[in-house]
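Colleague: Supplied in structure tokens, the structure appears directly below.
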Amino acid sequence: MTTTTTSLEKPIKAPTFRDVSTARKIKNNIATAVFALCFLVALIPLGWVLWMVVSNGIGVVMSLDWWQNSQKGVLPDQTGGGVYHAIYGTIVQSAVAAVIAVPLGIMAAVYLIEYGTGRFAKVTTFMVDILAGVPSIVAALFIFALWIATLGFPQSSFAVALALVLLMLPVVVRNTEEMLKLVPDELREASYALGIPKWKTIVRIVIPTALPGMISGILLALARVMGETAPVLVLVGYSKAINMNIFDGNMASLPLLIFQELKSAEDAGRQRVWGAALTLILMIAVLYLAAAAVNKLLTRNR
């Protein structure tokens, strides 16, 4: 028995490599265009904010007195003075927070990656996740209730640093965890095979290998807390003069200076607001550049 094929039936043509490649190219080009468009849309508000801050604050920042003087004796309607006292307060508060948060964050991350098993590790991970989502105002109120209202210590820059520790700690922990995960297990196993204890393997091999990324993450976490406003509003008062004592007395910082000058209706106050905002952006930019430079230097020398 023979079968006949009518002229209406056409053989199904399988897609060739060229057809599939063309379809993929079209989809890839469409996706690339969509992503590029979204990127440009996201850049519009960022560029607008940056342009406004630079255009309004560059005239103030270019003055040498801005970096060398404080606002002591300067009336609200007078131009002049500087933010030396606020720069000092911002650096000191962030540095004290880093001194406390960095060792705690690194040790917590090492425990979770190298030793963390069981219920305690799960609780620690859960608490770090919760702490990462805590708003800055909640951290400030917690320190106020514990450090000032309960223990009776005065409002000071050290209390601000304690609040910044709560904000900086989860960032350091998560970044250090990710860097430690990137260290190959073969390095650990080779060290154990040579009879080196686990703690020495971590200190001499694991941490030095992950150090470039850890330092970059620490600097980025430091840049993140430098612009926090809620802790300085709740835990310390504003001072126009510089105060070297972080444990007592009012102390200015750049976010606090911006908030205080915003309440002024004078043109001189608005100029100081834009100048302080640009100064804070420049300081954070320097930290980001330092993080990139340190990461590149340590990676190249490793």
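By order of appearance in the structure tokens: chains A, B, ..., then residues from 1 within every chain, and ligands from 1 in the order shown.
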Give me, as number ranges by chain, all polymer residues having an atom no more than 9 Å from Leu180 (chain A), counting only C-alpha atoms and skipping those fewer than 2 positions away in the same chain.
Modeller: A: 109-110, 113-114, 175-178, 182-184, 206-207, 209-211, 214
Colleague: Using only N, CA, C and O atoms, please write the residues we just selected to a file, as a PDB file, in the first residue's frame.
Modeller:
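Result went into selection16.pdb, see below:
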ATOM      1  N   ALA A 109      30.827  37.961  61.689  1.00  0.00           N
ATOM      2  CA  ALA A 109      30.838  37.335  60.364  1.00  0.00           C
ATOM      3  C   ALA A 109      31.719  36.091  60.338  1.00  0.00           C
ATOM      4  O   ALA A 109      31.362  35.076  59.725  1.00  0.00           O
ATOM      5  N   VAL A 110      32.871  36.159  60.988  1.00  0.00           N
ATOM      6  CA  VAL A 110      33.760  34.993  61.045  1.00  0.00           C
ATOM      7  C   VAL A 110      33.065  33.842  61.767  1.00  0.00           C
ATOM      8  O   VAL A 110      33.154  32.681  61.349  1.00  0.00           O
ATOM      9  N   ILE A 113      30.351  32.286  59.403  1.00  0.00           N
ATOM     10  CA  ILE A 113      30.859  31.563  58.238  1.00  0.00           C
ATOM     11  C   ILE A 113      31.705  30.361  58.642  1.00  0.00           C
ATOM     12  O   ILE A 113      31.577  29.276  58.066  1.00  0.00           O
ATOM     13  N   GLU A 114      32.562  30.525  59.628  1.00  0.00           N
ATOM     14  CA  GLU A 114      33.530  29.486  59.966  1.00  0.00           C
ATOM     15  C   GLU A 114      33.059  28.549  61.072  1.00  0.00           C
ATOM     16  O   GLU A 114      33.438  27.384  61.103  1.00  0.00           O
ATOM     17  N   ASN A 175      28.742  42.383  54.608  1.00  0.00           N
ATOM     18  CA  ASN A 175      29.824  42.507  53.643  1.00  0.00           C
ATOM     19  C   ASN A 175      30.951  41.529  53.949  1.00  0.00           C
ATOM     20  O   ASN A 175      31.487  40.877  53.045  1.00  0.00           O
ATOM     21  N   THR A 176      31.319  41.404  55.225  1.00  0.00           N
ATOM     22  CA  THR A 176      32.390  40.477  55.596  1.00  0.00           C
ATOM     23  C   THR A 176      31.989  39.036  55.317  1.00  0.00           C
ATOM     24  O   THR A 176      32.815  38.222  54.874  1.00  0.00           O
ATOM     25  N   GLU A 177      30.732  38.704  55.557  1.00  0.00           N
ATOM     26  CA  GLU A 177      30.253  37.360  55.239  1.00  0.00           C
ATOM     27  C   GLU A 177      30.436  37.036  53.763  1.00  0.00           C
ATOM     28  O   GLU A 177      30.928  35.948  53.403  1.00  0.00           O
ATOM     29  N   GLU A 178      30.042  37.959  52.909  1.00  0.00           N
ATOM     30  CA  GLU A 178      30.148  37.711  51.466  1.00  0.00           C
ATOM     31  C   GLU A 178      31.602  37.586  51.039  1.00  0.00           C
ATOM     32  O   GLU A 178      31.927  36.758  50.170  1.00  0.00           O
ATOM     33  N   LEU A 182      33.754  34.029  49.488  1.00  0.00           N
ATOM     34  CA  LEU A 182      34.501  33.982  48.229  1.00  0.00           C
ATOM     35  C   LEU A 182      35.864  33.319  48.368  1.00  0.00           C
ATOM     36  O   LEU A 182      36.501  33.006  47.365  1.00  0.00           O
ATOM     37  N   VAL A 183      36.320  33.118  49.599  1.00  0.00           N
ATOM     38  CA  VAL A 183      37.611  32.450  49.808  1.00  0.00           C
ATOM     39  C   VAL A 183      37.443  30.968  49.479  1.00  0.00           C
ATOM     40  O   VAL A 183      36.572  30.294  50.049  1.00  0.00           O
ATOM     41  N   PRO A 184      38.234  30.414  48.577  1.00  0.00           N
ATOM     42  CA  PRO A 184      38.069  28.991  48.186  1.00  0.00           C
ATOM     43  C   PRO A 184      38.286  28.052  49.377  1.00  0.00           C
ATOM     44  O   PRO A 184      39.180  28.264  50.206  1.00  0.00           O
ATOM     45  N   VAL A 206      42.510  33.005  55.687  1.00  0.00           N
ATOM     46  CA  VAL A 206      41.171  33.370  55.230  1.00  0.00           C
ATOM     47  C   VAL A 206      40.976  34.886  55.233  1.00  0.00           C
ATOM     48  O   VAL A 206      40.582  35.486  54.225  1.00  0.00           O
ATOM     49  N   ILE A 207      41.233  35.516  56.373  1.00  0.00           N
ATOM     50  CA  ILE A 207      41.016  36.963  56.473  1.00  0.00           C
ATOM     51  C   ILE A 207      41.938  37.748  55.547  1.00  0.00           C
ATOM     52  O   ILE A 207      41.471  38.677  54.863  1.00  0.00           O
ATOM     53  N   THR A 209      43.077  36.878  52.706  1.00  0.00           N
ATOM     54  CA  THR A 209      42.576  36.697  51.343  1.00  0.00           C
ATOM     55  C   THR A 209      41.351  37.558  51.072  1.00  0.00           C
ATOM     56  O   THR A 209      41.191  38.106  49.975  1.00  0.00           O
ATOM     57  N   ALA A 210      40.481  37.686  52.062  1.00  0.00           N
ATOM     58  CA  ALA A 210      39.259  38.475  51.899  1.00  0.00           C
ATOM     59  C   ALA A 210      39.432  39.933  52.279  1.00  0.00           C
ATOM     60  O   ALA A 210      38.473  40.707  52.198  1.00  0.00           O
ATOM     61  N   LEU A 211      40.627  40.343  52.677  1.00  0.00           N
ATOM     62  CA  LEU A 211      40.839  41.683  53.227  1.00  0.00           C
ATOM     63  C   LEU A 211      40.507  42.814  52.261  1.00  0.00           C
ATOM     64  O   LEU A 211      39.907  43.817  52.689  1.00  0.00           O
ATOM     65  N   MET A 214      36.819  43.334  52.308  1.00  0.00           N
ATOM     66  CA  MET A 214      36.378  43.726  53.643  1.00  0.00           C
ATOM     67  C   MET A 214      36.644  45.202  53.900  1.00  0.00           C
ATOM     68  O   MET A 214      35.791  45.926  54.435  1.00  0.00           O
TER      69      MET A 214
END
Colleague: Name all residues at most 8 Å from Val165 (chain A) (count only C-alpha atoms; drop same-chain ones fewer than 3 positions away) and give them as a PyMOL selection string.
Modeller: chain A and resi 97-98+100-101+161-162+168-169
Colleague: Which residue, A:Asn56, A:Thr299, A:Ser157, A:Ser63, has the smallest gap to Gly237 (chain A) when you use only C-alpha atoms?
Modeller: A:Ser157
Colleague: Choose the residue, out of A:Gly89, A:Gly152, A:Pro103, A:Pro197, that has the smallest atom-to-atom separation from Pro255 (chain A); count only C-alpha atoms.
Modeller: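 Answer, going by the shortest atom-to-atom distance: A:Gly89.
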Colleague: Could you pull the residues within 9 Å of region 220-229 of chain A, counting only C-alpha atoms, minus those fewer than 2 positions along the same chain, as a PDB file with C-alpha atoms, in the first residue's frame?
Modeller:
ATOM      1  CA  THR A  90      31.190  64.243  61.626  1.00  0.00           C
ATOM      2  CA  ILE A  91      34.601  62.573  61.410  1.00  0.00           C
ATOM      3  CA  GLN A  93      31.380  60.443  65.505  1.00  0.00           C
ATOM      4  CA  SER A  94      31.844  58.179  62.491  1.00  0.00           C
ATOM      5  CA  ALA A  95      35.354  57.128  63.525  1.00  0.00           C
ATOM      6  CA  ALA A  97      31.367  54.191  65.597  1.00  0.00           C
ATOM      7  CA  ALA A  98      33.766  52.394  63.241  1.00  0.00           C
ATOM      8  CA  SER A 136      17.933  55.451  62.143  1.00  0.00           C
ATOM      9  CA  ILE A 137      15.359  57.218  64.320  1.00  0.00           C
ATOM     10  CA  LEU A 164      25.723  54.846  64.440  1.00  0.00           C
ATOM     11  CA  VAL A 165      27.177  51.525  65.627  1.00  0.00           C
ATOM     12  CA  LEU A 167      23.401  51.233  61.817  1.00  0.00           C
ATOM     13  CA  MET A 168      26.910  50.302  60.734  1.00  0.00           C
ATOM     14  CA  LEU A 169      27.148  46.865  62.337  1.00  0.00           C
ATOM     15  CA  VAL A 171      26.491  46.396  56.921  1.00  0.00           C
ATOM     16  CA  VAL A 172      29.917  45.266  58.136  1.00  0.00           C
ATOM     17  CA  ILE A 215      38.160  47.087  53.743  1.00  0.00           C
ATOM     18  CA  SER A 216      36.092  48.385  50.839  1.00  0.00           C
ATOM     19  CA  GLY A 217      32.900  47.346  52.620  1.00  0.00           C
ATOM     20  CA  ILE A 218      34.009  49.006  55.854  1.00  0.00           C
ATOM     21  CA  PRO A 231      20.898  60.344  65.782  1.00  0.00           C
ATOM     22  CA  VAL A 232      22.402  63.856  65.935  1.00  0.00           C
ATOM     23  CA  LEU A 233      18.962  65.437  66.283  1.00  0.00           C
ATOM     24  CA  VAL A 234      18.007  63.239  69.234  1.00  0.00           C
ATOM     25  CA  LEU A 254      27.359  68.450  58.930  1.00  0.00           C
ATOM     26  CA  PRO A 255      23.820  66.940  59.005  1.00  0.00           C
ATOM     27  CA  LEU A 256      23.044  68.827  62.224  1.00  0.00           C
ATOM     28  CA  PHE A 259      19.155  71.156  59.914  1.00  0.00           C
ATOM     29  CA  LEU A 280      29.222  66.217  52.990  1.00  0.00           C
ATOM     30  CA  ILE A 281      28.932  64.914  49.417  1.00  0.00           C
ATOM     31  CA  MET A 283      33.615  63.741  52.044  1.00  0.00           C
ATOM     32  CA  ILE A 284      31.498  60.718  51.121  1.00  0.00           C
ATOM     33  CA  ALA A 285      32.891  60.763  47.581  1.00  0.00           C
ATOM     34  CA  LEU A 287      35.561  57.650  51.043  1.00  0.00           C
ATOM     35  CA  TYR A 288      34.118  55.866  48.002  1.00  0.00           C
ATOM     36  CA  ALA A 291      37.486  52.222  49.029  1.00  0.00           C
TER      37      ALA A 291
END
Colleague: Do you know which residues are at most 9 Å from Gln260 (chain A) counting only C-alpha atoms, after dropping those on the same chain fewer than 6 positions away, and could you put them as a PDB file with C-alpha atoms, in the first residue's frame?
Modeller:
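Now in around.pdb:
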ATOM      1  CA  TYR A 238      24.213  71.951  68.137  1.00  0.00           C
ATOM      2  CA  GLY A 269      21.786  80.572  56.229  1.00  0.00           C
ATOM      3  CA  VAL A 273      23.027  74.864  53.897  1.00  0.00           C
TER       4      VAL A 273
END
Colleague: What does the distance between CA of Leu235 (chain A) and CA of Val160 (chain A) come to in Å, to one decimal place?
Modeller: 5.8 Å
Colleague: Please return, as a ChimeraX atom specification, all residues of region 121-219 of chain A that DSSP assigns to alpha helix (DSSP H) on the basis of the backbone.
Modeller: /A:121-132,136-143,157-181,185-193,198-201,207-219
